[in-house]
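K.L.:
Got work37.txt for you, compact mmCIF, C-alpha atoms:
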# COMPACT_ATOMS: atom_id res chain seq x y z
CA MET A 1 44.48 -121.91 -173.49
CA SER A 2 40.82 -122.19 -172.48
CA ASN A 3 40.78 -118.51 -171.53
CA LEU A 4 42.15 -117.62 -174.95
CA ILE A 5 39.50 -119.69 -176.71
CA ARG A 6 36.73 -118.01 -174.70
CA GLY A 7 38.17 -114.65 -175.68
CA PHE A 8 38.23 -115.64 -179.35
CA PHE A 9 34.58 -116.67 -179.16
CA PHE A 10 33.63 -113.39 -177.51
CA HIS A 11 35.35 -111.48 -180.30
CA HIS A 12 33.96 -113.55 -183.19
CA ARG A 13 30.56 -114.50 -181.77
CA GLY A 14 28.66 -112.10 -184.04
CA LEU A 15 30.19 -113.52 -187.20
CA LEU A 16 29.75 -117.13 -186.11
CA ILE A 17 26.14 -116.79 -184.94
CA ALA A 18 25.09 -114.81 -188.01
CA SER A 19 26.78 -117.30 -190.35
CA ALA A 20 25.18 -120.30 -188.63
CA VAL A 21 21.70 -118.73 -188.71
CA LEU A 22 22.01 -117.69 -192.37
CA PHE A 23 23.32 -121.12 -193.33
CA CYS A 24 20.44 -122.87 -191.59
CA ILE A 25 17.83 -120.53 -193.11
CA PHE A 26 19.31 -120.96 -196.59
CA GLN A 27 19.03 -124.75 -196.35
CA LEU A 28 15.47 -124.51 -195.02
CA LEU A 29 14.43 -122.17 -197.82
CA THR A 30 15.89 -124.38 -200.52
CA CYS A 31 13.93 -127.32 -199.12
CA ALA A 32 10.77 -125.19 -199.20
CA ILE A 33 11.40 -124.17 -202.82
CA ILE A 34 12.15 -127.72 -203.94
CA SER A 35 8.97 -129.05 -202.33
CA SER A 36 6.80 -126.44 -204.07
CA ILE A 37 7.79 -127.14 -207.70
CA ASP A 38 7.58 -130.00 -210.16
CA ILE A 39 11.29 -130.69 -210.22
CA PRO A 40 11.58 -133.14 -213.18
CA ARG A 41 9.45 -130.92 -215.42
CA ALA A 42 11.23 -127.72 -214.44
CA PHE A 43 14.60 -129.38 -214.90
CA ASP A 44 13.69 -130.64 -218.38
CA GLN A 45 12.49 -127.19 -219.41
CA ILE A 46 15.72 -125.56 -218.27
CA LEU A 47 17.86 -128.14 -220.05
CA LEU A 48 15.85 -127.65 -223.24
CA PHE A 49 17.06 -124.08 -223.64
CA ALA A 50 20.37 -124.19 -221.78
CA PRO A 51 23.69 -124.02 -223.70
CA PRO A 52 25.56 -127.34 -223.91
CA ALA A 53 28.18 -126.34 -221.33
CA ILE A 54 25.55 -125.27 -218.79
CA ARG A 55 23.53 -128.40 -219.54
CA THR A 56 26.54 -130.59 -218.75
CA LEU A 57 27.24 -128.73 -215.52
CA MET A 58 23.61 -129.01 -214.37
CA GLU A 59 23.38 -132.69 -215.20
CA GLN A 60 26.59 -133.43 -213.30
CA SER A 61 25.77 -131.30 -210.25
CA MET A 62 22.03 -131.98 -209.93
CA LEU A 63 21.85 -135.60 -211.12
CA GLY A 64 18.87 -135.43 -213.45
CA GLY A 65 16.88 -132.92 -211.43
CA GLY A 66 15.82 -135.18 -208.55
CA SER A 67 15.25 -133.62 -205.13
CA ALA A 68 18.35 -135.34 -203.73
CA GLY A 69 20.53 -134.01 -206.54
CA ILE A 70 19.25 -130.45 -206.17
CA LEU A 71 19.61 -130.53 -202.38
CA ALA A 72 23.17 -131.73 -202.87
CA PHE A 73 23.70 -128.81 -205.27
CA THR A 74 22.72 -126.35 -202.53
CA TRP A 75 25.85 -127.49 -200.69
CA ASN A 76 27.84 -126.46 -203.76
CA HIS A 77 25.92 -123.21 -204.21
CA PRO A 78 27.82 -119.88 -204.21
CA VAL A 79 25.96 -118.89 -201.03
CA THR A 80 27.29 -121.96 -199.24
CA HIS A 81 30.82 -121.39 -200.50
CA ALA A 82 30.67 -117.72 -199.49
CA LEU A 83 29.57 -118.54 -195.95
CA VAL A 84 31.98 -121.37 -195.19
CA ILE A 85 35.01 -119.79 -196.87
CA ALA A 86 34.36 -116.37 -195.33
CA ILE A 87 34.53 -117.85 -191.83
CA ALA A 88 37.77 -119.69 -192.61
CA ILE A 89 39.42 -116.60 -194.06
CA ALA A 90 38.21 -114.24 -191.34
CA LEU A 91 39.49 -116.48 -188.54
CA GLY A 92 42.81 -117.15 -190.26
CA ALA A 93 43.51 -113.52 -191.11
CA ARG A 94 42.72 -112.39 -187.58
CA ALA A 95 44.90 -115.02 -185.87
CA VAL A 96 48.26 -113.34 -186.43
CA ALA A 97 48.15 -110.39 -188.84
CA GLY A 98 44.96 -109.01 -187.30
CA GLU A 99 46.32 -109.23 -183.77
CA ILE A 100 49.57 -107.57 -184.82
CA GLU A 101 47.65 -104.83 -186.60
CA ASN A 102 45.63 -103.88 -183.52
CA GLY A 103 48.52 -104.40 -181.09
CA ALA A 104 46.75 -107.05 -179.01
CA ILE A 105 49.27 -109.81 -179.67
CA GLU A 106 52.00 -108.05 -177.67
CA LEU A 107 49.76 -107.95 -174.61
CA VAL A 108 48.80 -111.60 -174.96
CA LEU A 109 52.35 -112.86 -175.49
CA ALA A 110 53.53 -110.80 -172.53
CA GLN A 111 51.68 -113.34 -170.38
CA PRO A 112 53.25 -116.72 -169.46
CA LEU A 113 52.08 -118.22 -172.75
CA SER A 114 54.23 -119.71 -175.49
CA ARG A 115 53.77 -118.75 -179.12
CA PHE A 116 53.00 -122.37 -179.93
CA ASP A 117 50.14 -122.47 -177.41
CA TYR A 118 48.82 -119.15 -178.68
CA LEU A 119 48.62 -120.31 -182.30
CA ALA A 120 47.37 -123.76 -181.28
CA ALA A 121 44.49 -122.09 -179.42
CA HIS A 122 43.55 -120.26 -182.62
CA VAL A 123 43.59 -123.50 -184.61
CA VAL A 124 41.45 -125.37 -182.05
CA PHE A 125 38.98 -122.50 -181.90
CA ALA A 126 38.76 -122.37 -185.70
CA ILE A 127 38.14 -126.10 -186.05
CA VAL A 128 35.37 -126.11 -183.44
CA SER A 129 33.77 -122.93 -184.79
CA MET A 130 33.70 -124.09 -188.42
CA ALA A 131 32.42 -127.54 -187.45
CA VAL A 132 29.56 -126.02 -185.44
CA VAL A 133 28.51 -123.67 -188.26
CA ALA A 134 28.58 -126.52 -190.81
CA PHE A 135 26.60 -128.74 -188.42
CA VAL A 136 23.93 -126.06 -188.02
CA GLY A 137 23.68 -125.97 -191.82
CA LEU A 138 23.17 -129.74 -191.82
CA LEU A 139 20.42 -129.35 -189.24
CA GLY A 140 18.75 -126.89 -191.61
CA THR A 141 18.78 -129.52 -194.35
CA VAL A 142 17.45 -132.23 -192.03
CA ALA A 143 14.73 -129.97 -190.63
CA GLY A 144 13.74 -128.83 -194.12
CA GLN A 145 13.43 -132.41 -195.37
CA ASN A 146 11.21 -133.31 -192.43
CA ILE A 147 9.05 -130.16 -192.55
CA PHE A 148 8.50 -130.22 -196.31
CA HIS A 149 8.32 -134.02 -196.65
CA LEU A 150 11.37 -134.56 -198.83
CA PRO A 151 13.27 -137.88 -198.92
CA PRO A 152 15.85 -137.72 -196.11
CA PHE A 153 19.56 -138.39 -196.38
CA GLY A 154 21.10 -141.01 -194.13
CA TRP A 155 23.10 -139.73 -191.16
CA ASP A 156 26.18 -141.53 -192.45
CA ARG A 157 26.06 -139.42 -195.61
CA LEU A 158 25.44 -136.24 -193.66
CA LEU A 159 28.45 -136.95 -191.45
CA ARG A 160 30.61 -137.57 -194.53
CA LEU A 161 29.42 -134.25 -195.93
CA LEU A 162 30.26 -132.54 -192.65
CA ALA A 163 33.76 -133.99 -192.82
CA ASN A 164 34.22 -132.85 -196.42
CA VAL A 165 32.96 -129.32 -195.67
CA LEU A 166 35.28 -129.08 -192.68
CA LEU A 167 38.25 -130.29 -194.72
CA LEU A 168 37.58 -127.63 -197.36
CA GLN A 169 37.21 -124.93 -194.69
CA MET A 170 40.37 -126.04 -192.91
CA SER A 171 42.26 -125.95 -196.22
CA PHE A 172 41.46 -122.28 -196.71
CA TYR A 173 41.89 -121.54 -193.01
CA SER A 174 45.36 -123.11 -192.94
CA LEU A 175 46.34 -121.27 -196.13
CA THR A 176 45.10 -117.96 -194.68
CA LEU A 177 46.90 -118.72 -191.42
CA LEU A 178 50.10 -119.21 -193.41
CA PHE A 179 49.61 -115.85 -195.14
CA SER A 180 48.72 -114.30 -191.79
CA SER A 181 51.93 -115.56 -190.19
CA PHE A 182 53.88 -113.48 -192.72
CA GLY A 183 51.63 -110.43 -192.66
CA ARG A 184 50.87 -107.44 -190.46
CA GLU A 185 47.49 -106.36 -191.84
CA SER A 186 44.47 -108.65 -191.77
CA GLY A 187 42.85 -106.88 -194.73
CA ARG A 188 45.69 -107.70 -197.10
CA VAL A 189 45.83 -111.28 -195.89
CA ALA A 190 42.08 -111.71 -196.35
CA ILE A 191 42.15 -110.22 -199.87
CA LEU A 192 44.94 -112.58 -200.91
CA SER A 193 43.04 -115.59 -199.53
CA VAL A 194 39.80 -114.50 -201.23
CA LEU A 195 41.64 -114.26 -204.55
CA VAL A 196 43.03 -117.78 -204.09
CA ALA A 197 39.53 -119.09 -203.25
CA ILE A 198 38.02 -117.43 -206.34
CA VAL A 199 40.75 -118.79 -208.60
CA SER A 200 40.32 -122.27 -207.10
CA LEU A 201 36.57 -122.20 -207.73
CA LEU A 202 36.95 -120.84 -211.27
CA VAL A 203 39.57 -123.44 -212.15
CA ASN A 204 37.26 -126.20 -210.97
CA VAL A 205 34.30 -124.84 -212.97
CA VAL A 206 36.32 -124.24 -216.15
CA ALA A 207 38.00 -127.66 -215.94
CA THR A 208 34.57 -129.25 -215.52
CA LEU A 209 33.02 -127.44 -218.49
CA TRP A 210 35.97 -127.46 -220.90
CA ASN A 211 37.70 -130.72 -221.76
CA LYS A 212 40.91 -129.00 -222.83
CA ALA A 213 41.24 -127.50 -219.35
CA ALA A 214 40.58 -130.77 -217.53
CA PHE A 215 44.28 -131.10 -216.68
CA MET A 216 43.89 -128.16 -214.24
CA LYS A 217 41.21 -129.86 -212.15
CA PRO A 218 43.54 -131.59 -209.64
CA TYR A 219 45.12 -128.22 -208.81
CA SER A 220 41.89 -126.75 -207.42
CA LEU A 221 41.00 -127.30 -203.77
CA HIS A 222 37.32 -127.24 -204.74
CA THR A 223 37.86 -130.36 -206.86
CA TYR A 224 38.10 -132.37 -203.65
CA TYR A 225 34.77 -131.10 -202.33
CA GLU A 226 31.97 -133.29 -203.75
CA PRO A 227 28.63 -132.93 -201.96
CA ARG A 228 26.69 -134.62 -204.79
CA ALA A 229 28.86 -137.74 -204.70
CA ILE A 230 28.47 -137.89 -200.92
CA LEU A 231 24.74 -137.19 -200.55
CA VAL A 232 23.52 -139.03 -203.65
CA ASP A 233 26.05 -141.87 -204.00
CA GLY A 234 27.21 -142.05 -200.38
CA ASN A 235 30.84 -141.85 -201.49
CA LEU A 236 33.51 -139.63 -199.95
CA ALA A 237 36.57 -140.19 -202.12
CA LEU A 238 39.73 -141.20 -200.27
CA SER A 239 41.66 -138.84 -202.54
CA SER A 240 39.69 -135.89 -201.16
CA ILE A 241 40.64 -136.80 -197.59
CA VAL A 242 44.29 -137.41 -198.44
CA VAL A 243 44.89 -134.35 -200.63
CA LEU A 244 43.05 -131.88 -198.41
CA GLY A 245 44.55 -133.45 -195.30
CA ILE A 246 48.12 -133.16 -196.61
CA PHE A 247 47.48 -129.58 -197.71
CA ILE A 248 46.12 -128.65 -194.27
CA VAL A 249 49.05 -130.21 -192.42
CA ALA A 250 51.63 -128.62 -194.72
CA ALA A 251 50.11 -125.12 -194.61
CA THR A 252 49.54 -125.25 -190.86
CA ALA A 253 53.10 -126.49 -190.24
CA GLY A 254 54.40 -123.63 -192.37
CA ALA A 255 52.34 -121.13 -190.38
CA PHE A 256 53.70 -122.46 -187.06
CA ALA A 257 57.28 -122.48 -188.37
CA ARG A 258 57.03 -118.87 -189.49
CA PHE A 259 55.17 -117.57 -186.43
CA LEU A 260 57.57 -119.18 -183.96
CA THR A 261 60.55 -117.40 -185.51
CA ARG A 262 59.19 -114.04 -186.71
CA ASP A 263 59.46 -110.68 -185.01
CA VAL A 264 56.34 -109.43 -183.22
CA PRO A 265 55.21 -106.85 -184.07
Is it possible to give me this structure as structure tokens?

P.N.:
Amino acid sequence: MSNLIRGFFFHHRGLLIASAVLFCIFQLLTCAIISSIDIPRAFDQILLFAPPAIRTLMEQSMLGGGSAGILAFTWNHPVTHALVIAIAIALGARAVAGEIENGAIELVLAQPLSRFDYLAAHVVFAIVSMAVVAFVGLLGTVAGQNIFHLPPFGWDRLLRLLANVLLLQMSFYSLTLLFSSFGRESGRVAILSVLVAIVSLLVNVVATLWNKAAFMKPYSLHTYYEPRAILVDGNLALSSIVVLGIFIVAATAGAFARFLTRDVP
């Protein structure tokens, strides 16, 4: 299995290194921007002219415009979502459908290696890879706070955030892995997973802004990702751990069940 994991890293190293570097730079830059402006004044000016729905969203996500609230918002920024979800989808789509598409899976499974061990190696590699990229992003936040003299977050809160980010990534990875276990083309699998991620994010935003759509909120995976509550209040909701954890286990179990019984190629 260790040889497989090294091979996965060799194949995906460009994506992982680029994502980690971009994530770290993004967090550093946001710290630099926050330190260079009068946050309370700028926040009040924006709220003065913002529509009511946008005002509500900003107040909830940025907590009154303080540096802690805005730094927490950067972990809910579209750039952050794009980076962390892209890694999860890319790794999941490649695991089965991508390997079938390029014919490599037949060569690998011709070795004395069970299908279970093969897929387990992909899952282990994905967990480690996503955790490392998220941790590098956290280092960017910590370094930015120190360099630009912003109030730091406690390490306990940063570790809770890391856990929440990883749970969200693993949710989309396990879902993509499930799609991949049924597919033969990584592109189609990735497109389907991207559509699910977009719908999940939109449902969360719409349910937050529109009271009549609030009933949809529990059905979005993004609902259980709350960087502001973690970094500002120090609270990682138990419901987030339970719901995302159950989803991950169920989707991953489905992927294993399908892969162990399907025809390859």

K.L.:
Within 8 Å of segment 223-225 of chain A, counting only C-alpha atoms, which residues show up once you throw out same-chain ones fewer than 4 positions away? Write them as a PyMOL selection string, please.

P.N.:
chain A and resi 164-165+168+204+217-219+239-241+243-244

K.L.:
Quick one: pull the distance between atom CA of Leu83 of chain A and atom CA of Phe179 of chain A, Å, one decimal.

P.N.:
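Rounded to one decimal, the two atoms are 20.2 Å apart.
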
K.L.:
Separation of atom CA of Gly14 of chain A and atom CA of Val123 of chain A, in Å?

P.N.:
18.8 Å

K.L.:
Give me, please, the distance in Å between atom CA of Thr261 of chain A and atom CA of Phe125 of chain A, quoted to one decimal.

P.N.:
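Going from atom CA of Thr261 of chain A over to atom CA of Phe125 of chain A covers 22.5 Å.
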
K.L.:
Ile248 of chain A: which residues within 6 Å, counting all atoms listed in the file, same-chain residues fewer than 3 positions away excluded, as a compact mmCIF listing (two decimals) with C-alpha atoms, in the frame of the given file?

P.N.:
# COMPACT_ATOMS: atom_id res chain seq x y z
CA SER A 171 42.26 -125.95 -196.22
CA SER A 174 45.36 -123.11 -192.94
CA GLY A 245 44.55 -133.45 -195.30
CA ALA A 251 50.11 -125.12 -194.61
CA THR A 252 49.54 -125.25 -190.86

K.L.:
For Arg13 of chain A, which residue among A:Ala253, A:Ser129, A:Leu71, A:Ile25 is the nearest when counting all atoms listed in the file?

P.N.:
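Ranking A:Ala253, A:Ser129, A:Leu71, A:Ile25 by distance to Arg13 of chain A, first place goes to A:Ser129.
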
K.L.:
Restricting the calculation to all atoms listed in the file: of A:Pro227, A:Gly187, A:Gly140, A:Gly154, which residue gets closest to Thr30 of chain A?

P.N.:
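Among A:Pro227, A:Gly187, A:Gly140, A:Gly154, it is A:Gly140 that comes nearest to Thr30 of chain A.
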
K.L.:
Could you give me, as number ranges by chain, the residues that sit within 9 Å of (25.5, -131.8, -190.2) in the file's coordinates, counting only C-alpha atoms?

P.N.:
A: 131-142, 155, 158-163

K.L.:
Counting all atoms listed in the file, which residue out of A:Arg188, A:Val232, A:Thr176, A:Leu4 sits closest to Gln111 of chain A?

P.N.:
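Comparing A:Arg188, A:Val232, A:Thr176, A:Leu4 against Gln111 of chain A, the winner is A:Leu4.
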
K.L.:
What's around Val199 of chain A at 12 Å? Count all atoms listed in the file, leave out sequence neighbours fewer than 3 positions away in its own chain, and write the answer as a list in words.

P.N.:
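The residues satisfying every condition are Leu192, Ser193, Val194, Leu195, Val196, Leu202, Val203, Asn204, Val205, Val206, Ala207, Met216, Lys217, Tyr219, Ser220, Leu221 and His222 of chain A.
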
K.L.:
Go ahead and write the residues just picked, C-alpha atoms, as a PDB file, keeping the file's coordinate frame.

P.N.:
ATOM      1  CA  LEU A 192      44.940-112.580-200.910  1.00  0.00           C
ATOM      2  CA  SER A 193      43.040-115.590-199.530  1.00  0.00           C
ATOM      3  CA  VAL A 194      39.800-114.500-201.230  1.00  0.00           C
ATOM      4  CA  LEU A 195      41.640-114.260-204.550  1.00  0.00           C
ATOM      5  CA  VAL A 196      43.030-117.780-204.090  1.00  0.00           C
ATOM      6  CA  LEU A 202      36.950-120.840-211.270  1.00  0.00           C
ATOM      7  CA  VAL A 203      39.570-123.440-212.150  1.00  0.00           C
ATOM      8  CA  ASN A 204      37.260-126.200-210.970  1.00  0.00           C
ATOM      9  CA  VAL A 205      34.300-124.840-212.970  1.00  0.00           C
ATOM     10  CA  VAL A 206      36.320-124.240-216.150  1.00  0.00           C
ATOM     11  CA  ALA A 207      38.000-127.660-215.940  1.00  0.00           C
ATOM     12  CA  MET A 216      43.890-128.160-214.240  1.00  0.00           C
ATOM     13  CA  LYS A 217      41.210-129.860-212.150  1.00  0.00           C
ATOM     14  CA  TYR A 219      45.120-128.220-208.810  1.00  0.00           C
ATOM     15  CA  SER A 220      41.890-126.750-207.420  1.00  0.00           C
ATOM     16  CA  LEU A 221      41.000-127.300-203.770  1.00  0.00           C
ATOM     17  CA  HIS A 222      37.320-127.240-204.740  1.00  0.00           C
TER      18      HIS A 222
END

K.L.:
Segment 105-121 of chain A, all listed atoms, 6 Å padding on each side: what axis-aligned box centre and edge lengths in Å to one decimal come out, as lines of an AutoDock Vina configuration file?

P.N.:
center_x = 49.4
center_y = -115.9
center_z = -175.9
size_x = 21.7
size_y = 27.8
size_z = 24.8

K.L.:
May I ask which of the residues A:Arg94, A:Arg115, A:His11, A:Lys212 is the closest one to Phe259 of chain A, counting all atoms listed in the file?

P.N.:
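That would be A:Arg115, the residue with the smallest distance to Phe259 of chain A.
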
K.L.:
Between A:Ile147, A:Ile37, A:Ala95, A:Leu22, which is the closest to Leu178 of chain A once you count all atoms listed in the file?

P.N.:
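Selected residue with least distance to Leu178 of chain A: A:Ala95.
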
K.L.:
I'd like to know which of A:Gly7, A:Pro152, A:Gly183, A:Gly254 is closest to Ala93 of chain A, using all atoms listed in the file.

P.N.:
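Ranking A:Gly7, A:Pro152, A:Gly183, A:Gly254 by distance to Ala93 of chain A, first place goes to A:Gly183.
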
K.L.:
What residues have an atom no more than 10 Å from (50.7, -112.6, -184.8) in the file's own frame, counting only C-alpha atoms, and can you write them as number ranges by chain?

P.N.:
A: 93-101, 103-106, 109, 115, 118-119, 177, 180-185, 259-260, 262-265

K.L.:
Where atoms are missing, can you supply N, CA and C atoms for segment 207-230 of chain A and output the lot as an mmCIF file, in the frame of the given file?

P.N.:
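Contents of selection29.cif, freshly written:
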data_model
loop_
_atom_site.group_PDB
_atom_site.id
_atom_site.type_symbol
_atom_site.label_atom_id
_atom_site.label_comp_id
_atom_site.auth_asym_id
_atom_site.auth_seq_id
_atom_site.Cartn_x
_atom_site.Cartn_y
_atom_site.Cartn_z
ATOM 1 N N ALA A 207 37.505 -126.306 -215.642
ATOM 2 C CA ALA A 207 38.000 -127.660 -215.940
ATOM 3 C C ALA A 207 36.853 -128.648 -216.090
ATOM 4 N N THR A 208 35.738 -128.385 -215.402
ATOM 5 C CA THR A 208 34.570 -129.250 -215.520
ATOM 6 C C THR A 208 33.843 -129.034 -216.849
ATOM 7 N N LEU A 209 33.779 -127.773 -217.287
ATOM 8 C CA LEU A 209 33.020 -127.440 -218.490
ATOM 9 C C LEU A 209 33.814 -127.611 -219.781
ATOM 10 N N TRP A 210 35.137 -127.471 -219.700
ATOM 11 C CA TRP A 210 35.970 -127.460 -220.900
ATOM 12 C C TRP A 210 36.970 -128.598 -220.839
ATOM 13 N N ASN A 211 36.848 -129.533 -221.764
ATOM 14 C CA ASN A 211 37.700 -130.720 -221.760
ATOM 15 C C ASN A 211 39.180 -130.392 -221.876
ATOM 16 N N LYS A 212 39.499 -129.349 -222.636
ATOM 17 C CA LYS A 212 40.910 -129.000 -222.830
ATOM 18 C C LYS A 212 41.547 -128.450 -221.562
ATOM 19 N N ALA A 213 40.710 -128.026 -220.621
ATOM 20 C CA ALA A 213 41.240 -127.500 -219.350
ATOM 21 C C ALA A 213 41.148 -128.528 -218.229
ATOM 22 N N ALA A 214 40.776 -129.750 -218.560
ATOM 23 C CA ALA A 214 40.580 -130.770 -217.530
ATOM 24 C C ALA A 214 41.854 -131.070 -216.748
ATOM 25 N N PHE A 215 43.015 -130.829 -217.360
ATOM 26 C CA PHE A 215 44.280 -131.100 -216.680
ATOM 27 C C PHE A 215 44.479 -130.216 -215.446
ATOM 28 N N MET A 216 43.747 -129.084 -215.373
ATOM 29 C CA MET A 216 43.890 -128.160 -214.240
ATOM 30 C C MET A 216 43.080 -128.599 -213.023
ATOM 31 N N LYS A 217 42.153 -129.497 -213.215
ATOM 32 C CA LYS A 217 41.210 -129.860 -212.150
ATOM 33 C C LYS A 217 41.884 -130.309 -210.852
ATOM 34 N N PRO A 218 42.916 -131.151 -210.903
ATOM 35 C CA PRO A 218 43.540 -131.590 -209.640
ATOM 36 C C PRO A 218 44.200 -130.474 -208.842
ATOM 37 N N TYR A 219 44.429 -129.318 -209.480
ATOM 38 C CA TYR A 219 45.120 -128.220 -208.810
ATOM 39 C C TYR A 219 44.176 -127.262 -208.107
ATOM 40 N N SER A 220 42.884 -127.564 -208.124
ATOM 41 C CA SER A 220 41.890 -126.750 -207.420
ATOM 42 C C SER A 220 41.462 -127.437 -206.137
ATOM 43 N N LEU A 221 41.460 -126.716 -205.034
ATOM 44 C CA LEU A 221 41.000 -127.300 -203.770
ATOM 45 C C LEU A 221 39.531 -127.685 -203.846
ATOM 46 N N HIS A 222 38.752 -126.956 -204.632
ATOM 47 C CA HIS A 222 37.320 -127.240 -204.740
ATOM 48 C C HIS A 222 37.039 -128.567 -205.455
ATOM 49 N N THR A 223 38.025 -129.066 -206.191
ATOM 50 C CA THR A 223 37.860 -130.360 -206.860
ATOM 51 C C THR A 223 37.610 -131.470 -205.850
ATOM 52 N N TYR A 224 38.168 -131.318 -204.663
ATOM 53 C CA TYR A 224 38.100 -132.370 -203.650
ATOM 54 C C TYR A 224 36.925 -132.177 -202.689
ATOM 55 N N TYR A 225 36.009 -131.305 -203.080
ATOM 56 C CA TYR A 225 34.770 -131.100 -202.330
ATOM 57 C C TYR A 225 33.614 -131.541 -203.225
ATOM 58 N N GLU A 226 32.968 -132.679 -202.872
ATOM 59 C CA GLU A 226 31.970 -133.290 -203.750
ATOM 60 C C GLU A 226 30.682 -133.638 -202.990
ATOM 61 N N PRO A 227 29.862 -132.647 -202.704
ATOM 62 C CA PRO A 227 28.630 -132.930 -201.960
ATOM 63 C C PRO A 227 27.660 -133.842 -202.709
ATOM 64 N N ARG A 228 27.609 -133.754 -204.044
ATOM 65 C CA ARG A 228 26.690 -134.620 -204.790
ATOM 66 C C ARG A 228 27.104 -136.078 -204.657
ATOM 67 N N ALA A 229 28.388 -136.356 -204.810
ATOM 68 C CA ALA A 229 28.860 -137.740 -204.700
ATOM 69 C C ALA A 229 28.587 -138.300 -203.312
ATOM 70 N N ILE A 230 28.670 -137.441 -202.293
ATOM 71 C CA ILE A 230 28.470 -137.890 -200.920
ATOM 72 C C ILE A 230 26.985 -138.120 -200.635
#
